[in-house]
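Data file: coords-v4.cif. Format and content: mmCIF, C-alpha atoms and all ligand atoms.
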```
data_run
#
loop_
_atom_site.label_atom_id
_atom_site.label_comp_id
_atom_site.auth_asym_id
_atom_site.auth_seq_id
_atom_site.Cartn_x
_atom_site.Cartn_y
_atom_site.Cartn_z
CA MET A 1 0.00 0.00 0.00
CA ALA A 2 2.68 2.47 1.00
CA ASN A 3 3.74 4.94 -1.61
CA SER A 4 7.37 5.63 -2.29
CA PRO A 5 8.45 9.23 -2.71
CA ASN A 6 9.19 10.70 -6.11
CA LYS A 7 12.26 8.80 -7.29
CA LYS A 8 13.88 11.75 -9.05
CA ASN A 9 14.15 14.26 -6.22
CA ASN A 10 12.59 12.73 -3.08
CA TYR A 11 9.71 15.14 -3.41
CA PRO A 12 6.22 13.85 -2.67
CA ASN A 13 4.35 12.14 -5.48
CA ASN A 14 0.88 13.08 -4.34
CA ILE A 15 0.08 16.33 -2.58
CA GLY A 16 -3.19 17.51 -1.04
CA ILE A 17 -3.89 21.10 -0.06
CA ILE A 18 -6.59 22.47 2.24
CA MET A 19 -6.64 26.02 0.93
CA ASP A 20 -7.99 27.75 4.01
CA GLY A 21 -8.10 31.41 5.03
CA ASN A 22 -9.75 33.22 2.11
CA GLY A 23 -12.44 34.72 4.34
CA ARG A 24 -10.06 35.97 7.02
CA TRP A 25 -7.70 37.35 4.37
CA ALA A 26 -10.60 39.32 2.86
CA PHE A 27 -11.67 40.57 6.30
CA LYS A 28 -8.13 41.61 7.20
CA ASN A 29 -7.84 43.61 3.98
CA SER A 30 -11.38 45.07 4.17
CA PHE A 31 -12.50 43.20 1.05
CA LYS A 32 -15.66 41.19 0.44
CA VAL A 33 -15.40 37.44 1.12
CA SER A 34 -15.84 36.82 -2.61
CA GLU A 35 -12.65 38.84 -3.25
CA GLY A 36 -10.82 36.48 -0.91
CA HIS A 37 -12.00 33.47 -2.87
CA LYS A 38 -11.05 35.19 -6.15
CA LYS A 39 -7.54 35.88 -4.88
CA GLY A 40 -7.44 32.27 -3.67
CA VAL A 41 -8.06 30.98 -7.20
CA ASP A 42 -5.25 33.22 -8.55
CA ILE A 43 -2.80 31.65 -6.08
CA VAL A 44 -3.46 28.20 -7.51
CA ARG A 45 -1.80 29.12 -10.83
CA GLY A 46 1.72 29.46 -9.33
CA ILE A 47 1.36 26.35 -7.22
CA VAL A 48 0.37 24.34 -10.29
CA GLU A 49 3.32 25.72 -12.26
CA GLU A 50 5.72 24.81 -9.46
CA SER A 51 4.19 21.32 -9.19
CA VAL A 52 4.74 20.76 -12.91
CA LYS A 53 8.30 22.05 -12.60
CA GLN A 54 9.05 19.72 -9.68
CA LYS A 55 7.48 16.71 -11.44
CA ILE A 56 4.82 16.15 -8.80
CA ASN A 57 2.44 13.39 -9.87
CA SER A 58 -0.78 14.82 -8.45
CA LEU A 59 -2.05 17.89 -6.69
CA THR A 60 -5.43 17.52 -5.00
CA LEU A 61 -7.09 20.76 -3.91
CA TYR A 62 -9.94 21.19 -1.42
CA ALA A 63 -12.09 23.83 -3.07
CA PHE A 64 -15.51 23.28 -1.43
CA SER A 65 -16.48 20.85 1.31
CA SER A 66 -19.80 19.07 1.93
CA GLU A 67 -20.15 21.28 4.98
CA ASN A 68 -19.50 24.50 3.04
CA TRP A 69 -23.12 24.27 1.81
CA LYS A 70 -24.00 25.66 5.25
CA ARG A 71 -22.48 29.03 4.25
CA PRO A 72 -24.50 32.09 3.17
CA LYS A 73 -26.19 31.78 -0.25
CA ALA A 74 -24.36 34.83 -1.62
CA GLU A 75 -20.96 33.33 -0.78
CA ILE A 76 -21.89 29.98 -2.33
CA ASN A 77 -23.07 31.75 -5.49
CA SER A 78 -19.82 33.69 -5.71
CA ILE A 79 -17.87 30.42 -5.44
CA LYS A 80 -20.01 28.83 -8.17
CA LYS A 81 -19.31 31.79 -10.47
CA LEU A 82 -15.61 31.52 -9.67
CA VAL A 83 -15.55 27.86 -10.69
CA ILE A 84 -16.97 28.77 -14.11
CA ASN A 85 -14.60 31.74 -14.53
CA ALA A 86 -11.58 29.75 -13.36
CA ILE A 87 -12.30 27.04 -15.92
CA ASN A 88 -12.75 29.61 -18.70
CA ASP A 89 -9.56 31.46 -17.76
CA GLN A 90 -7.24 28.62 -16.85
CA VAL A 91 -8.08 25.66 -19.09
CA PRO A 92 -6.10 26.91 -22.14
CA GLU A 93 -3.00 27.40 -19.98
CA LEU A 94 -3.47 24.04 -18.21
CA LYS A 95 -3.81 22.35 -21.58
CA LYS A 96 -0.55 23.92 -22.75
CA GLN A 97 1.21 22.67 -19.61
CA LYS A 98 -0.33 19.18 -20.06
CA VAL A 99 -2.11 19.39 -16.73
CA LYS A 100 -4.94 16.88 -16.52
CA LEU A 101 -7.94 18.20 -14.60
CA LYS A 102 -10.33 16.05 -12.62
CA PHE A 103 -13.15 17.23 -10.36
CA PHE A 104 -14.62 14.97 -7.68
CA GLY A 105 -17.21 15.09 -4.91
CA HIS A 106 -21.00 15.41 -5.04
CA LEU A 107 -20.86 17.41 -8.27
CA ASP A 108 -24.59 16.83 -8.96
CA ASP A 109 -25.41 19.32 -6.21
CA PHE A 110 -23.84 22.14 -8.26
CA GLY A 111 -26.38 22.07 -11.11
CA LYS A 112 -26.14 21.36 -14.81
CA LYS A 113 -24.29 24.51 -15.87
CA ILE A 114 -21.28 23.77 -13.62
CA GLN A 115 -21.39 20.05 -14.39
CA ASP A 116 -21.27 20.80 -18.12
CA LYS A 117 -18.34 23.18 -17.61
CA ILE A 118 -16.52 20.55 -15.57
CA SER A 119 -17.05 17.91 -18.26
CA PHE A 120 -15.72 20.37 -20.84
CA ALA A 121 -12.64 21.14 -18.70
CA GLU A 122 -11.92 17.45 -18.12
CA LYS A 123 -12.29 16.59 -21.81
CA GLU A 124 -10.17 19.54 -22.92
CA THR A 125 -7.30 18.65 -20.58
CA CYS A 126 -7.48 14.89 -21.03
CA THR A 127 -4.10 13.64 -22.21
CA THR A 128 -2.13 10.42 -22.09
CA ASP A 129 1.17 12.14 -21.28
CA SER A 130 0.05 14.45 -18.48
CA GLN A 131 2.72 16.40 -16.58
CA LEU A 132 0.47 16.77 -13.52
CA ASN A 133 -2.87 15.41 -12.35
CA LEU A 134 -4.78 18.33 -10.89
CA ASN A 135 -7.72 17.09 -8.82
CA VAL A 136 -10.29 19.49 -7.42
CA ALA A 137 -12.60 18.48 -4.56
CA LEU A 138 -16.00 20.14 -4.95
CA GLY A 139 -18.86 19.33 -2.61
CA TYR A 140 -16.56 16.69 -1.18
CA GLY A 141 -16.47 15.19 2.31
CA GLY A 142 -14.25 12.32 3.41
CA GLN A 143 -16.95 10.78 5.61
CA GLN A 144 -19.53 11.04 2.83
CA ASP A 145 -17.07 9.36 0.46
CA ILE A 146 -16.59 6.45 2.88
CA ILE A 147 -20.38 6.12 3.22
CA ASP A 148 -20.73 6.11 -0.58
CA ILE A 149 -18.03 3.42 -0.86
CA VAL A 150 -19.76 1.24 1.75
CA LYS A 151 -23.06 1.57 -0.12
CA SER A 152 -21.59 0.73 -3.55
CA VAL A 153 -19.50 -2.18 -2.27
CA SER A 154 -22.50 -3.55 -0.31
CA LYS A 155 -24.59 -3.49 -3.49
CA GLU A 156 -21.90 -5.43 -5.33
CA VAL A 157 -21.77 -8.02 -2.54
CA ALA A 158 -25.57 -8.26 -2.34
CA SER A 159 -25.79 -8.91 -6.08
CA GLU A 160 -22.96 -11.48 -5.80
CA ARG A 161 -20.66 -9.57 -8.16
CA LEU A 162 -18.10 -9.31 -5.34
CA ASN A 163 -17.06 -11.64 -2.51
CA ILE A 164 -16.70 -10.16 0.97
CA GLU A 165 -13.25 -11.81 1.24
CA ASP A 166 -12.08 -9.89 -1.82
CA ILE A 167 -12.69 -6.47 -0.26
CA ASP A 168 -9.29 -4.85 0.22
CA GLY A 169 -7.59 -1.46 -0.08
CA LYS A 170 -7.59 -1.75 -3.86
CA ILE A 171 -11.36 -2.23 -3.95
CA ILE A 172 -11.88 0.72 -1.58
CA ASN A 173 -9.81 2.96 -3.85
CA GLU A 174 -11.67 1.70 -6.90
CA TYR A 175 -15.04 2.62 -5.43
CA SER A 176 -13.88 5.92 -3.95
CA SER A 177 -14.60 9.12 -5.85
CA VAL A 178 -11.10 10.34 -4.94
CA PRO A 179 -8.81 10.11 -7.99
CA VAL A 180 -5.66 9.48 -5.91
CA ASP A 181 -5.01 6.45 -3.69
CA GLU A 182 -2.54 7.86 -1.19
CA ILE A 183 -1.44 11.34 -0.22
CA ASP A 184 2.25 11.81 0.67
CA LEU A 185 2.07 15.43 1.77
CA LEU A 186 -0.95 17.31 3.09
CA ILE A 187 -0.65 21.08 3.47
CA ARG A 188 -3.21 23.23 5.30
CA THR A 189 -2.96 26.99 5.28
CA GLY A 190 -4.92 29.35 7.51
CA GLY A 191 -3.37 28.39 10.84
CA ASP A 192 -5.86 25.76 12.01
CA LYS A 193 -4.59 22.29 12.77
CA ARG A 194 -7.37 20.03 11.56
CA VAL A 195 -8.29 18.11 8.43
CA SER A 196 -11.94 19.24 8.13
CA ASN A 197 -13.20 16.07 6.42
CA PHE A 198 -10.60 16.05 3.60
CA LEU A 199 -9.32 12.75 2.13
CA LEU A 200 -9.70 10.85 5.41
CA TYR A 201 -8.83 7.43 3.99
CA GLN A 202 -6.02 8.62 1.70
CA ILE A 203 -4.04 10.61 4.31
CA ALA A 204 -3.28 7.55 6.47
CA TYR A 205 0.51 8.04 6.14
CA ALA A 206 0.64 11.61 4.83
CA GLU A 207 3.08 14.09 6.30
CA ILE A 208 0.89 16.98 7.46
CA MET A 209 2.17 20.55 7.32
CA PHE A 210 0.17 23.39 8.81
CA VAL A 211 1.14 26.77 7.42
CA ASP A 212 0.32 29.82 9.50
CA LYS A 213 -0.65 32.00 6.54
CA PHE A 214 -3.99 32.66 4.86
CA TRP A 215 -4.25 30.90 1.51
CA PRO A 216 -4.20 34.14 -0.56
CA ASP A 217 -0.85 34.98 1.08
CA PHE A 218 0.66 31.54 0.35
CA THR A 219 3.54 31.92 -2.11
CA ARG A 220 5.41 29.66 -4.47
CA ASP A 221 8.36 29.92 -2.06
CA ASP A 222 6.15 28.75 0.82
CA PHE A 223 5.20 25.76 -1.31
CA SER A 224 8.86 25.06 -2.15
CA SER A 225 9.67 25.19 1.58
CA CYS A 226 7.01 22.53 2.22
CA LEU A 227 8.54 20.35 -0.51
CA ASN A 228 12.02 20.78 0.94
CA ASN A 229 10.81 20.01 4.46
CA PHE A 230 9.20 16.86 3.14
CA LYS A 231 12.59 15.70 1.86
CA LYS A 232 13.99 15.83 5.41
CA VAL A 233 11.27 13.63 6.89
CA SER A 234 11.92 9.99 7.67
CA ARG A 235 8.85 8.04 6.55
CA ARG A 236 8.77 4.70 8.31
CA PHE A 237 5.27 3.39 7.53
CA GLY A 238 5.33 1.49 10.82
CA LYS A 239 8.63 -0.23 10.11
CA ARG A 240 11.79 -0.18 12.26
CA ILE A 241 14.37 1.57 10.07
C1 LIG A 301 -11.33 28.40 2.31
O1 LIG A 301 -11.35 29.68 2.86
C2 LIG A 301 -12.17 28.33 1.06
C3 LIG A 301 -13.45 27.64 1.23
C4 LIG A 301 -13.82 26.99 2.30
C5 LIG A 301 -14.35 27.67 0.09
P1 LIG A 301 -12.41 30.10 3.94
O2 LIG A 301 -13.54 30.81 3.26
O3 LIG A 301 -12.80 28.98 4.80
O4 LIG A 301 -11.58 31.15 4.78
P2 LIG A 301 -11.67 31.39 6.34
O5 LIG A 301 -11.26 30.11 6.99
O6 LIG A 301 -13.07 31.77 6.64
O7 LIG A 301 -10.70 32.48 6.59
C1 LIG A 302 -11.95 23.48 4.72
O1 LIG A 302 -12.04 24.73 5.23
C2 LIG A 302 -12.61 23.43 3.38
C3 LIG A 302 -11.89 24.05 2.28
C4 LIG A 302 -10.74 24.63 2.35
C5 LIG A 302 -12.57 23.98 1.00
P1 LIG A 302 -13.23 25.18 6.18
O2 LIG A 302 -13.03 26.62 6.46
O3 LIG A 302 -14.55 24.82 5.60
O4 LIG A 302 -12.99 24.29 7.46
P2 LIG A 302 -13.35 24.59 8.97
O5 LIG A 302 -14.79 25.05 9.00
O6 LIG A 302 -12.44 25.66 9.43
O7 LIG A 302 -13.09 23.32 9.68
MG MG A 303 -12.05 28.27 6.58
#
```
Go through the file and emit its structure as structure tokens.
Amino acid sequence: MANSPNKKNNYPNNIGIIMDGNGRWAFKNSFKVSEGHKKGVDIVRGIVEESVKQKINSLTLYAFSSENWKRPKAEINSIKKLVINAINDQVPELKKQKVKLKFFGHLDDFGKKIQDKISFAEKETCTTDSQLNLNVALGYGGQQDIIDIVKSVSKEVASERLNIEDIDGKIINEYSSVPVDEIDLLIRTGGDKRVSNFLLYQIAYAEIMFVDKFWPDFTRDDFSSCLNNFKKVSRRFGKRI
């Protein structure tokens, strides 16, 4: 099960980021919350470029959680608009960089317009020689994903398409909506030290780095520092080494 680090430079293969702090950044700078989210999207560009440069296999971003539906309608609408605008603005560039986009989570809850945009973005960036897999969690919750997996696997067992004895980590990953099996490095900005329902199953052996900066203030250098700190970590996966 355990992933080995990127062979070329000991950087992580699969990175997850909880991009937190847009609201507080906006408040601190006397902007509207929507401005914070807009700035947050802009920050992603540099992090993607650096990930391509450093030959990271996948970058999985937490854009909107299952629980974020509890936020004010106006904020949710501004985030929906941002998703559309971000796809329109960034897909040509992502295509040029051979970045393969994949959205996951309860996407149905976002309506047809966003779902169509997402399908377009995924088709446009689909390539067999991708330089980076960029996964975006939208309407995603780790607990909900585990519940969905249990339901789907139970159906397969009930209809005798799957034996209970054959259920293993591989099957769980197959039935999960998450496009990456294991996260090597999880970064959370914003200062809080929690995982807020992100990739619960996949972060089992992830190194977790909490960065005391709001996401819109997170720089490419901050990201490089996280990568370099990862190199110094001894990952034992339970073994005596
Ligand atoms: C993260 O920033 C982005 C989303 C959850 C959509 P927040 O909006 O949570 O920012 P803070 O934590 O309130 O500062
Ligand atoms: C996590 O941030 C979700 C995203 C970054 C999309 P939240 O702001 O929703 O998490 P809590 O409420 O601080 O735990
Ligand atoms: Mg937050």
If we draw a sphere of 10 Å around (-14.0, 1.9, -5.2), which residues have at least one atom in it when counting all atoms listed in the file? Please report them as number ranges by chain. A: 145-146, 148-150, 152-153, 167-178
For Tyr205 in chain A, work out the shell of residues within 10 Å, counting only C-alpha atoms and skipping chain neighbours fewer than 6 positions away, then give it as a VMD selection string. chain A and resid 2 to 3 182 to 186 235 to 238
Using all atoms listed in the file, which residues have at least one atom no more than 12 Å from ligand LIG 302 (chain A)? Output them as a PDB file with C-alpha atoms, in the coordinates of the input.
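The new file pocket_10.pdb reads:
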```pdb
ATOM      1  CA  GLY A  16      -3.190  17.510  -1.040  1.00  0.00           C
ATOM      2  CA  ILE A  17      -3.890  21.100  -0.060  1.00  0.00           C
ATOM      3  CA  ILE A  18      -6.590  22.470   2.240  1.00  0.00           C
ATOM      4  CA  MET A  19      -6.640  26.020   0.930  1.00  0.00           C
ATOM      5  CA  ASP A  20      -7.990  27.750   4.010  1.00  0.00           C
ATOM      6  CA  GLY A  21      -8.100  31.410   5.030  1.00  0.00           C
ATOM      7  CA  ASN A  22      -9.750  33.220   2.110  1.00  0.00           C
ATOM      8  CA  GLY A  23     -12.440  34.720   4.340  1.00  0.00           C
ATOM      9  CA  ARG A  24     -10.060  35.970   7.020  1.00  0.00           C
ATOM     10  CA  HIS A  37     -12.000  33.470  -2.870  1.00  0.00           C
ATOM     11  CA  GLY A  40      -7.440  32.270  -3.670  1.00  0.00           C
ATOM     12  CA  VAL A  41      -8.060  30.980  -7.200  1.00  0.00           C
ATOM     13  CA  THR A  60      -5.430  17.520  -5.000  1.00  0.00           C
ATOM     14  CA  LEU A  61      -7.090  20.760  -3.910  1.00  0.00           C
ATOM     15  CA  TYR A  62      -9.940  21.190  -1.420  1.00  0.00           C
ATOM     16  CA  ALA A  63     -12.090  23.830  -3.070  1.00  0.00           C
ATOM     17  CA  PHE A  64     -15.510  23.280  -1.430  1.00  0.00           C
ATOM     18  CA  SER A  65     -16.480  20.850   1.310  1.00  0.00           C
ATOM     19  CA  SER A  66     -19.800  19.070   1.930  1.00  0.00           C
ATOM     20  CA  GLU A  67     -20.150  21.280   4.980  1.00  0.00           C
ATOM     21  CA  ASN A  68     -19.500  24.500   3.040  1.00  0.00           C
ATOM     22  CA  TRP A  69     -23.120  24.270   1.810  1.00  0.00           C
ATOM     23  CA  LYS A  70     -24.000  25.660   5.250  1.00  0.00           C
ATOM     24  CA  ARG A  71     -22.480  29.030   4.250  1.00  0.00           C
ATOM     25  CA  ILE A  76     -21.890  29.980  -2.330  1.00  0.00           C
ATOM     26  CA  ILE A  79     -17.870  30.420  -5.440  1.00  0.00           C
ATOM     27  CA  GLY A 105     -17.210  15.090  -4.910  1.00  0.00           C
ATOM     28  CA  VAL A 136     -10.290  19.490  -7.420  1.00  0.00           C
ATOM     29  CA  ALA A 137     -12.600  18.480  -4.560  1.00  0.00           C
ATOM     30  CA  LEU A 138     -16.000  20.140  -4.950  1.00  0.00           C
ATOM     31  CA  GLY A 139     -18.860  19.330  -2.610  1.00  0.00           C
ATOM     32  CA  TYR A 140     -16.560  16.690  -1.180  1.00  0.00           C
ATOM     33  CA  GLY A 141     -16.470  15.190   2.310  1.00  0.00           C
ATOM     34  CA  GLY A 142     -14.250  12.320   3.410  1.00  0.00           C
ATOM     35  CA  ILE A 187      -0.650  21.080   3.470  1.00  0.00           C
ATOM     36  CA  ARG A 188      -3.210  23.230   5.300  1.00  0.00           C
ATOM     37  CA  THR A 189      -2.960  26.990   5.280  1.00  0.00           C
ATOM     38  CA  GLY A 190      -4.920  29.350   7.510  1.00  0.00           C
ATOM     39  CA  GLY A 191      -3.370  28.390  10.840  1.00  0.00           C
ATOM     40  CA  ASP A 192      -5.860  25.760  12.010  1.00  0.00           C
ATOM     41  CA  LYS A 193      -4.590  22.290  12.770  1.00  0.00           C
ATOM     42  CA  ARG A 194      -7.370  20.030  11.560  1.00  0.00           C
ATOM     43  CA  VAL A 195      -8.290  18.110   8.430  1.00  0.00           C
ATOM     44  CA  SER A 196     -11.940  19.240   8.130  1.00  0.00           C
ATOM     45  CA  ASN A 197     -13.200  16.070   6.420  1.00  0.00           C
ATOM     46  CA  PHE A 198     -10.600  16.050   3.600  1.00  0.00           C
ATOM     47  CA  LEU A 199      -9.320  12.750   2.130  1.00  0.00           C
ATOM     48  CA  PHE A 214      -3.990  32.660   4.860  1.00  0.00           C
ATOM     49  CA  TRP A 215      -4.250  30.900   1.510  1.00  0.00           C
ATOM     50  CA  PRO A 216      -4.200  34.140  -0.560  1.00  0.00           C
TER      51      PRO A 216
END
```
Select, from A:Ile15, A:Val33, A:Met209, A:Ile56, the residue with the minimum atom-to-atom distance to ligand MG 303 (chain A), counting all atoms listed in the file.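 Looking only at the distances to ligand MG 303 (chain A), the closest residue turns out to be A:Val33.
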Work out how far CA of Lys113 in chain A is from CA of Gln97 in chain A, in Å to one decimal.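 Here the two named atoms are 25.8 Å from each other.
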Counting all atoms listed in the file, which residue out of A:Phe120, A:Gln54, A:Ala26, A:Ser224 sits closest to ligand MG 303 (chain A)?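 Among the listed residues, the smallest separation from ligand MG 303 (chain A) belongs to A:Ala26.
The space separating CA of Asn77 in chain A from CA of Ala121 in chain A comes to 19.9 Å.
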Using only C-alpha atoms and all ligand atoms, which residue out of A:Ile84, A:Ile147, A:Lys213, A:Glu207 lies closest to ligand MG 303 (chain A)?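 Of all the options, A:Lys213 lies closest to ligand MG 303 (chain A).
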Nearest to ligand LIG 301 (chain A): which of A:Lys28, A:Lys155, A:Lys117, A:Lys98 is it, counting all atoms listed in the file?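 Among the listed residues, the smallest separation from ligand LIG 301 (chain A) belongs to A:Lys28.
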Show which residues sit within 8 Å of range 123-135 of chain A, as a list in words. Count only C-alpha atoms, and ignore same-chain residues fewer than 3 positions away. Val48, Ser51, Val52, Lys55, Ile56, Asn57, Ser58, Leu59, Thr60, Leu61, Val91, Leu94, Lys95, Gln97, Lys98, Val99, Lys100, Leu101, Lys102, Phe103, Phe104, Ser119, Phe120 and Pro179 of chain A
Interatomic distance, CA of Ala206 in chain A to CA of Pro12 in chain A (Å, one decimal):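 Between these atoms lies a distance of 9.6 Å.
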Closest to ligand MG 303 (chain A) among A:Phe218, A:Gly36, A:Glu49, A:Ile114, using only C-alpha atoms and all ligand atoms?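 Of A:Phe218, A:Gly36, A:Glu49, A:Ile114, the one nearest ligand MG 303 (chain A), counting only C-alpha atoms and all ligand atoms, is A:Gly36.
For the set A:Asp166, A:Asn14, A:Trp25, A:Lys239, the residue with the smallest atom-to-atom gap to ligand MG 303 (chain A) is A:Trp25, counting all atoms listed in the file.
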4 Å per side around range 192-203 of chain A: axis-aligned box centre and edge lengths, as AutoDock Vina command-line options:
```
--center_x -8.6 --center_y 16.6 --center_z 7.2 --size_x 17.2 --size_y 26.3 --size_z 19.1
```
